[in-house]
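A.B. asks: This is the content of run_23.txt (compact mmCIF, C-alpha atoms):
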# COMPACT_ATOMS: atom_id res chain seq x y z
CA MET K 150 67.24 0.92 -44.89
CA GLY K 151 63.79 2.01 -46.11
CA ASN K 152 62.98 -1.57 -47.04
CA MET K 153 63.72 -2.71 -43.50
CA PHE K 154 61.16 -0.29 -42.05
CA LEU K 155 58.64 -1.24 -44.71
CA ILE K 156 59.00 -4.95 -43.92
CA ALA K 157 58.87 -4.22 -40.19
CA SER K 158 55.63 -2.23 -40.61
CA TYR K 159 53.86 -4.95 -42.58
CA ALA K 160 55.18 -7.68 -40.25
CA VAL K 161 54.03 -5.81 -37.13
CA LEU K 162 50.63 -5.20 -38.66
CA TRP K 163 50.00 -8.77 -39.80
CA VAL K 164 51.41 -10.48 -36.73
CA GLY K 165 49.56 -8.00 -34.52
CA LEU K 166 46.26 -8.53 -36.34
CA LEU K 167 46.61 -12.32 -36.17
CA VAL K 168 47.41 -12.16 -32.45
CA TYR K 169 44.38 -9.90 -31.90
CA ILE K 170 42.04 -12.21 -33.85
CA GLY K 171 43.41 -15.19 -31.90
CA TRP K 172 42.90 -13.36 -28.62
CA VAL K 173 39.28 -12.54 -29.55
CA ALA K 174 38.68 -16.20 -30.48
CA LEU K 175 40.19 -17.39 -27.17
CA ARG K 176 38.04 -14.96 -25.18
CA MET K 177 34.98 -16.13 -27.12
CA ARG K 178 35.74 -19.76 -26.39
CA GLY K 179 36.21 -18.99 -22.68
CA VAL K 180 32.93 -17.08 -22.45
CA GLN K 181 31.02 -19.75 -24.36
CA GLY K 182 32.36 -22.40 -21.97
CA GLU K 183 31.24 -20.26 -19.05
CA VAL K 184 27.75 -19.87 -20.56
CA GLU K 185 27.45 -23.64 -21.02
CA THR K 186 28.60 -24.35 -17.44
CA MET K 187 26.12 -21.85 -16.03
CA ARG K 188 23.26 -23.19 -18.14
CA ASP K 189 24.03 -26.71 -16.92
CA LEU K 190 24.12 -25.47 -13.34
CA ILE K 191 20.77 -23.71 -13.74
CA ALA K 192 19.22 -26.78 -15.38
CA GLU K 193 20.57 -28.99 -12.57
CA ARG K 194 19.10 -26.66 -9.96
CA GLU K 195 15.76 -26.64 -11.75
CA ARG K 196 15.77 -30.44 -11.85
CA GLN K 197 16.56 -30.58 -8.14
CA ALA K 198 13.79 -28.10 -7.33
CA GLU K 199 11.33 -30.10 -9.43
CA ALA K 200 12.32 -33.34 -7.67
CA ARG K 201 11.92 -31.62 -4.30
CA ALA K 202 8.47 -30.34 -5.28
CA THR K 203 7.37 -33.83 -6.42
CA LYS K 204 8.62 -35.32 -3.17
CA LEU K 205 6.77 -32.69 -1.16
CA ALA K 206 3.57 -33.30 -3.10
CA GLN K 207 3.87 -37.04 -2.56
CA SER K 208 4.46 -36.67 1.16
CA ALA K 209 1.51 -34.25 1.41
CA LYS K 210 -0.69 -36.79 -0.36
CA LEU K 211 0.48 -39.53 2.02
CA THR K 212 -0.23 -37.35 5.03
CA ALA K 213 -3.71 -36.59 3.74
CA GLN K 214 -4.39 -40.31 3.16
CA THR K 215 -3.18 -41.18 6.68
CA ALA K 216 -5.34 -38.42 8.15
CA SER K 217 -8.44 -39.63 6.30
CA ALA K 218 -7.74 -43.22 7.37
CA ALA K 219 -7.46 -42.09 10.98
CA LYS K 220 -10.83 -40.29 10.73
CA THR K 221 -12.79 -43.42 9.62
CA PRO K 222 -14.34 -45.11 12.74
CA LYS K 223 -12.81 -48.44 13.78
CA ARG K 224 -15.20 -51.46 13.62
CA GLN K 225 -16.08 -52.85 17.00
CA PRO K 226 -15.60 -56.59 17.30
CA GLY K 227 -18.86 -58.28 16.49
CA ALA K 228 -20.35 -55.16 14.87
CA PRO K 229 -21.82 -55.56 11.37
CA VAL K 230 -19.42 -54.68 8.55
CA ALA K 231 -20.45 -51.54 6.64
CA LYS K 232 -21.28 -51.89 2.95
CA ALA K 233 -18.40 -49.72 1.81
CA GLN K 234 -15.90 -51.57 3.95
CA ARG K 235 -17.16 -54.91 2.65
CA ARG K 236 -16.58 -53.83 -0.90
CA MET S 208 24.96 -6.08 -4.87
CA LYS S 209 25.63 -5.26 -8.49
CA THR S 210 22.73 -4.09 -10.61
CA VAL S 211 22.69 -6.01 -13.84
CA THR S 212 21.37 -4.09 -16.81
CA ARG S 213 18.11 -5.31 -18.21
CA ALA S 214 18.16 -7.85 -20.99
CA PRO S 215 17.15 -6.11 -24.19
CA SER S 216 14.15 -7.29 -26.10
CA GLY S 217 15.29 -9.63 -28.82
CA ALA S 218 19.00 -9.27 -28.09
CA LEU S 219 19.40 -12.71 -26.67
CA GLU S 220 16.83 -14.38 -28.86
CA ARG S 221 18.66 -17.65 -28.83
CA ASP S 222 18.78 -17.64 -25.05
CA THR S 223 15.29 -16.49 -24.30
CA ALA S 224 13.18 -17.75 -27.19
CA ARG S 225 12.59 -21.12 -25.57
CA ALA S 226 11.47 -19.56 -22.31
CA ARG S 227 9.21 -16.92 -23.90
CA PRO S 228 5.52 -17.77 -24.08
CA ALA S 229 4.08 -18.04 -27.58
CA GLU S 230 1.77 -15.02 -27.20
CA GLN S 231 4.73 -12.73 -26.44
CA THR S 232 6.60 -13.43 -29.66
CA ARG S 233 5.56 -10.91 -32.28
CA PRO S 234 5.45 -12.31 -35.77
CA GLY S 235 6.62 -9.81 -38.36
CA TRP S 236 9.67 -8.58 -40.18
CA ARG S 237 11.80 -8.69 -37.03
CA THR S 238 11.09 -12.36 -36.46
CA GLY S 239 11.69 -13.01 -40.16
CA LEU S 240 14.97 -11.14 -40.07
CA ALA S 241 16.08 -12.96 -36.92
CA GLY S 242 15.20 -16.29 -38.56
CA ALA S 243 17.08 -15.40 -41.74
CA MET S 244 20.09 -14.25 -39.70
CA LYS S 245 20.06 -17.50 -37.74
CA ARG S 246 19.83 -19.55 -40.90
CA TYR S 247 22.19 -17.65 -43.21
CA GLY S 248 24.31 -15.78 -40.62
CA PRO S 249 27.15 -18.34 -40.39
CA TYR S 250 27.41 -18.55 -44.21
CA ALA S 251 27.41 -14.75 -44.53
CA GLU S 252 30.09 -14.50 -41.88
CA ALA S 253 32.25 -17.15 -43.56
CA ALA S 254 31.80 -15.33 -46.88
CA LEU S 255 32.80 -12.03 -45.24
CA GLY S 256 35.89 -13.68 -43.78
CA ALA S 257 36.86 -15.15 -47.17
CA VAL S 258 36.30 -11.85 -49.03
CA THR S 259 38.33 -10.02 -46.36
CA ALA S 260 41.22 -12.47 -46.74
CA ILE S 261 41.17 -12.06 -50.53
CA GLY S 262 40.96 -8.28 -50.15
CA MET S 263 43.94 -8.28 -47.82
CA LEU S 264 46.03 -10.32 -50.26
CA LEU S 265 45.05 -7.89 -53.04
CA THR S 266 46.04 -4.99 -50.79
CA ILE S 267 49.51 -6.45 -50.24
CA TRP S 268 49.90 -6.89 -53.99
CA ALA S 269 48.63 -3.37 -54.76
CA ALA S 270 50.75 -1.73 -52.06
CA LEU S 271 53.99 -3.59 -52.71
CA VAL S 272 53.81 -4.33 -56.45
CA TYR S 273 51.16 -2.30 -58.30
CA ALA S 274 51.72 1.13 -56.77
CA PRO S 275 54.76 3.03 -58.10
CA THR S 276 57.68 3.82 -55.82
CA ASP S 277 57.71 7.37 -54.47
CA LEU S 278 60.65 9.37 -55.85
CA ILE S 279 61.31 11.31 -52.64
CA GLU S 280 60.47 8.86 -49.86
CA GLY S 281 61.43 5.63 -51.64
CA PRO S 282 59.92 2.24 -50.73
CA VAL S 283 59.09 3.26 -47.15
CA GLN S 284 56.25 5.40 -48.57
CA ARG S 285 54.34 2.12 -49.10
CA ILE S 286 53.58 2.10 -45.35
CA PHE S 287 51.05 4.77 -46.32
CA TYR S 288 48.72 2.07 -47.80
CA ILE S 289 48.20 0.47 -44.39
CA HIS S 290 48.68 3.52 -42.17
CA VAL S 291 46.09 5.82 -43.77
CA PRO S 292 43.15 3.34 -44.09
CA MET S 293 43.66 2.23 -40.48
CA ALA S 294 43.59 5.85 -39.30
CA TRP S 295 40.37 6.54 -41.24
CA LEU S 296 38.74 3.39 -39.88
CA ALA S 297 39.78 4.33 -36.34
CA TYR S 298 37.94 7.64 -36.90
CA LEU S 299 34.91 5.66 -38.13
CA ALA S 300 35.06 3.40 -35.06
CA PHE S 301 35.17 6.41 -32.73
CA PHE S 302 32.28 8.03 -34.58
CA LEU S 303 30.29 4.81 -34.16
CA VAL S 304 31.12 4.78 -30.43
CA ALA S 305 29.64 8.30 -30.12
CA ALA S 306 26.59 7.48 -32.28
CA ALA S 307 25.89 4.24 -30.37
CA SER S 308 26.33 6.10 -27.08
CA VAL S 309 23.70 8.65 -28.13
CA MET S 310 21.38 5.82 -29.12
CA TYR S 311 21.98 4.08 -25.79
CA LEU S 312 21.08 7.23 -23.85
CA ILE S 313 17.87 7.57 -25.88
CA THR S 314 16.71 3.94 -25.93
CA ARG S 315 18.56 2.36 -22.96
CA ASP S 316 18.89 -0.73 -25.13
CA ASP S 317 21.97 -2.74 -24.13
CA ARG S 318 22.73 -3.66 -27.73
CA TRP S 319 23.86 -0.07 -28.38
CA ASP S 320 26.17 -0.32 -25.39
CA TRP S 321 27.72 -3.55 -26.67
CA PHE S 322 28.12 -1.96 -30.11
CA ALA S 323 29.86 1.10 -28.62
CA ARG S 324 32.18 -1.09 -26.58
CA ALA S 325 33.10 -3.26 -29.58
CA ASN S 326 33.86 -0.17 -31.69
CA ALA S 327 35.98 1.39 -28.95
CA GLU S 328 38.08 -1.78 -28.72
CA ILE S 329 38.63 -2.04 -32.48
CA GLY S 330 39.28 1.70 -32.75
CA ALA S 331 41.92 1.47 -30.03
CA VAL S 332 43.56 -1.53 -31.75
CA PHE S 333 43.64 0.28 -35.10
CA THR S 334 45.04 3.44 -33.50
CA THR S 335 47.79 1.32 -31.92
CA PHE S 336 48.77 0.09 -35.40
CA VAL S 337 48.58 3.65 -36.76
CA LEU S 338 51.01 4.82 -34.07
CA ILE S 339 53.41 1.89 -34.63
CA THR S 340 53.46 2.12 -38.44
CA GLY S 341 53.72 5.92 -38.26
CA SER S 342 56.63 5.65 -35.88
CA LEU S 343 58.44 3.24 -38.22
CA TRP S 344 57.87 5.61 -41.14
CA GLY S 345 59.07 8.55 -39.03
CA LYS S 346 62.28 6.77 -38.06
CA SER S 347 63.03 6.08 -41.71
CA PHE S 348 62.02 9.52 -43.12
CA TRP S 349 62.60 11.96 -40.24
CA GLY S 350 65.28 9.94 -38.45
CA ALA S 351 63.26 9.94 -35.19
CA TRP S 352 60.84 7.40 -33.73
CA TRP S 353 58.66 10.15 -32.29
CA VAL S 354 58.28 13.92 -32.55
CA TRP S 355 55.89 16.01 -30.46
CA ASP S 356 54.09 17.20 -33.56
CA ALA S 357 50.40 18.27 -33.33
CA ARG S 358 49.04 15.31 -35.34
CA LEU S 359 51.14 12.72 -33.52
CA THR S 360 50.40 14.17 -30.12
CA THR S 361 46.64 14.37 -30.69
CA THR S 362 46.70 10.78 -32.02
CA LEU S 363 48.45 9.66 -28.85
CA ILE S 364 45.85 11.55 -26.76
CA LEU S 365 43.08 9.88 -28.78
CA TRP S 366 44.63 6.46 -28.12
CA PHE S 367 44.87 7.17 -24.38
CA ILE S 368 41.27 8.38 -24.25
CA TYR S 369 39.91 5.15 -25.75
CA VAL S 370 42.25 2.90 -23.77
CA VAL S 371 41.01 4.65 -20.61
CA TYR S 372 37.42 4.14 -21.87
CA LEU S 373 38.04 0.37 -22.10
CA VAL S 374 39.87 0.15 -18.76
CA VAL S 375 37.23 2.19 -16.94
CA ARG S 376 34.45 0.12 -18.52
CA SER S 377 35.91 -3.12 -17.25
CA PHE S 378 36.34 -1.46 -13.84
CA TRP S 379 32.69 -0.30 -13.74
CA GLY S 380 31.37 -3.70 -14.79
CA ARG S 381 28.17 -4.30 -16.73
CA THR S 382 25.90 -2.09 -14.72
CA ALA S 383 23.27 0.35 -15.98
CA GLN S 384 25.13 3.17 -14.24
CA GLY S 385 28.43 2.13 -15.86
CA ALA S 386 26.84 1.98 -19.31
CA ARG S 387 25.31 5.44 -18.82
CA ASN S 388 28.62 6.96 -17.70
CA ALA S 389 30.46 5.27 -20.57
CA ALA S 390 27.92 6.63 -23.07
CA VAL S 391 28.55 10.19 -21.86
CA TYR S 392 32.32 9.56 -21.98
CA GLY S 393 32.04 8.09 -25.50
CA ILE S 394 30.20 11.19 -26.76
CA LEU S 395 32.65 13.64 -25.18
CA ALA S 396 35.70 11.64 -26.35
CA PHE S 397 34.64 12.02 -29.98
CA PHE S 398 35.37 15.77 -29.86
CA VAL S 399 39.10 14.95 -30.06
CA VAL S 400 38.64 13.28 -33.48
CA PRO S 401 38.01 16.49 -35.53
CA ILE S 402 40.87 18.20 -33.67
CA ASN S 403 43.12 15.28 -34.63
CA TYR S 404 41.94 15.40 -38.25
CA GLU S 405 42.41 19.16 -38.58
CA ALA S 406 45.72 19.23 -36.67
CA VAL S 407 47.72 19.30 -39.92
CA THR S 408 45.87 22.42 -41.14
CA TRP S 409 45.46 24.27 -37.82
CA TRP S 410 49.08 23.96 -36.71
CA ARG S 411 52.42 23.85 -38.51
CA THR S 412 53.32 20.15 -38.37
CA LEU S 413 55.90 17.72 -39.66
CA HIS S 414 53.18 15.23 -40.53
CA PRO S 415 52.29 15.21 -44.26
CA SER S 416 49.04 17.02 -45.11
CA GLU S 417 45.94 15.27 -46.47
CA VAL S 418 46.62 13.61 -49.82
CA LEU S 419 42.93 12.96 -50.48
CA PRO S 420 41.29 16.13 -49.12
CA LEU S 421 37.54 15.93 -48.56
CA GLY S 422 35.90 17.40 -51.67
CA GLY S 423 39.28 18.27 -53.26
CA THR S 424 41.39 16.74 -55.99
CA PRO S 425 43.76 13.92 -54.98
CA GLN S 426 47.42 14.94 -54.73
CA LEU S 427 48.61 11.50 -55.84
CA PRO S 428 49.11 9.70 -59.16
CA PRO S 429 46.08 7.54 -60.18
CA ALA S 430 47.88 4.22 -59.48
CA MET S 431 48.54 5.30 -55.91
CA VAL S 432 44.92 6.43 -55.46
CA ILE S 433 43.69 3.04 -56.76
CA ALA S 434 46.02 1.16 -54.38
CA LEU S 435 44.88 3.34 -51.50
CA LEU S 436 41.18 2.84 -52.27
CA LEU S 437 41.66 -0.91 -52.64
CA SER S 438 43.41 -0.99 -49.31
CA LEU S 439 40.66 1.12 -47.75
CA GLY S 440 38.04 -1.35 -49.05
CA ALA S 441 39.91 -4.38 -47.70
CA PHE S 442 40.49 -2.78 -44.31
CA THR S 443 36.81 -1.79 -44.14
CA LEU S 444 35.89 -5.46 -44.65
CA LEU S 445 38.37 -6.42 -41.94
CA PHE S 446 36.81 -3.82 -39.66
CA ALA S 447 33.31 -5.23 -40.31
CA PHE S 448 34.54 -8.78 -39.67
CA LEU S 449 36.24 -7.82 -36.40
CA LEU S 450 33.25 -5.77 -35.29
CA LEU S 451 30.98 -8.78 -35.78
CA GLN S 452 33.28 -10.98 -33.68
CA VAL S 453 33.80 -8.48 -30.86
CA TYR S 454 30.08 -7.58 -30.76
CA ARG S 455 29.22 -11.26 -30.41
CA LEU S 456 31.79 -11.55 -27.62
CA GLU S 457 30.19 -8.60 -25.83
CA ARG S 458 26.78 -10.23 -26.15
CA ALA S 459 28.09 -13.53 -24.78
CA GLN S 460 29.71 -11.72 -21.85
CA ALA S 461 26.39 -10.02 -21.11
CA THR S 462 24.69 -13.45 -21.17
CA VAL S 463 27.25 -14.71 -18.65
CA GLU S 464 26.48 -11.76 -16.37
CA ARG S 465 22.74 -12.39 -16.67
CA LEU S 466 23.09 -16.10 -15.89
CA ARG S 467 25.39 -15.32 -12.97
CA ALA S 468 22.80 -12.92 -11.57
CA GLN S 469 20.11 -15.59 -12.04
CA LEU S 470 22.23 -18.10 -10.11
CA GLU S 471 22.87 -15.60 -7.32
CA GLU S 472 19.14 -14.89 -7.04
CA GLU S 473 18.38 -18.59 -6.65
Please re-express this file's structure in structure tokens.
C.D. replies:
Amino acid sequence: MGNMFLIASYAVLWVGLLVYIGWVALRMRGVQGEVETMRDLIAERERQAEARATKLAQSAKLTAQTASAAKTPKRQPGAPVAKAQRR
Amino acid sequence: MKTVTRAPSGALERDTARARPAEQTRPGWRTGLAGAMKRYGPYAEAALGAVTAIGMLLTIWAALVYAPTDLIEGPVQRIFYIHVPMAWLAYLAFFLVAAASVMYLITRDDRWDWFARANAEIGAVFTTFVLITGSLWGKSFWGAWWVWDARLTTTLILWFIYVVYLVVRSFWGRTAQGARNAAVYGILAFFVVPINYEAVTWWRTLHPSEVLPLGGTPQLPPAMVIALLLSLGAFTLLFAFLLLQVYRLERAQATVERLRAQLEEE
């Protein structure tokens, strides 16, 4: 009878410990997966923001170029071509 | 909106090192230690795991083969070699919860909070095994699964206190307020540990008295003392191994919370 309780004690302890270690490992794997997913999401958002900023800068540059082109006086037909324009 | 506790300096080195400007990183022993831990950490952990496994096998041999059979209790007395070390290590875990809680209240460094949480979890697991193995021994020796004896009752109270600590912590979430409340709880909860330890001397109990009294002579034959000490050593290694794993899990969960908060801000 005593042996039965002894075996039961050791079995409960070892099975319980193994289950606990397995549970910790599973939780760790889940959390690590979550960390990776979130990092990817943050990196993706950063990339998108960067692309948006580049696009904005390009469009601002284009607008500035168009504005400066509009400011330069148009040559009247028959008028002499300016040196800069000739070049 | 939830307030996420501040990221401690150096706690998430792997996560933040890339983002930290060069002038903010302080060269010195801390950086050296972090580098050494990063380089040799996995090997040390594997070695700890291997030594723990060997120690556990030795414990089984010492408890079931080396130690002599008790004349009065018979073979069921061998439960003692797993029951007693687990109870002592549960006390250690609860002491570490209280100590880490004090440190958290002083420094407000999240690492102490993670350490306290990891110790509370392992302490609760060990106390569960103490209650189960004790109950099995009681059924064999006393003929009852449970008696409302002072030591057993205070152990059950201790178990409830730390299970409530874990439940309440997950309910509060990882907020600065939650960590502060948990630290106060962790300090107050520790006061039950000395009551539990002294229960066998303060009250008349069915539970056997201390066989290795602090500062006294052991009331066991030398072979039994050796088996008990070997078992205590192996279980201490197991405790250290588990603490490392659960602490790392706590740190990873804190990283998830931080990243989630970052995503919500954006």
A.B. asks: Which one is closest to Ile156 (chain K): S:His414, S:Arg376, S:Lys346, S:Arg285? Count only C-alpha atoms.
C.D. replies: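 Of the candidates, the smallest distance to Ile156 (chain K) is held by S:Arg285.
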A.B. asks: Using only C-alpha atoms, find the residues of chain S whose closest atom to chain K is at most 8 Å away, then write them as an MDAnalysis selection string.
C.D. replies: chainID S and resid 281:283 285:286 336 339:340 343:344 347 449 452:453 456 459:460 462:463 466:467 470
A.B. asks: Could you pull the residues within 12 Å of Leu427 (chain S), counting all atoms listed in the file, minus those fewer than 2 positions along the same chain, as a ChimeraX atom specification?
C.D. replies: /S:274-277,287,417-420,423-425,429-436
A.B. asks: Hey, can you check how far CA of Glu457 (chain S) sits from CA of Leu395 (chain S)?
C.D. replies: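 These two atoms are separated by 22.4 Å.
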A.B. asks: Do a neighbour search on region 299-312 of chain S at 9 Å with all atoms listed in the file, toss out local chain neighbours closer than 5 positions, and write the hits as a PyMOL selection string.
C.D. replies: chain S and resi 294+317-331+369+386-387+389-397+400+446
A.B. asks: Interatomic distance between CA of Tyr454 (chain S) and CA of Ala468 (chain S)?
C.D. replies: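 That distance, rounded to one decimal, is 21.2 Å.
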A.B. asks: Suppose you want the space between CA of Trp353 (chain S) and CA of Gly341 (chain S); what is it in Å?
C.D. replies: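 These two atoms are separated by 8.8 Å.
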A.B. asks: Between S:Arg381, S:His290, S:Arg315, S:Arg358, which residue has the minimum interatomic distance to Thr412 (chain S), considering all atoms listed in the file?
C.D. replies: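 Result for the nearest residue to Thr412 (chain S): S:Arg358.
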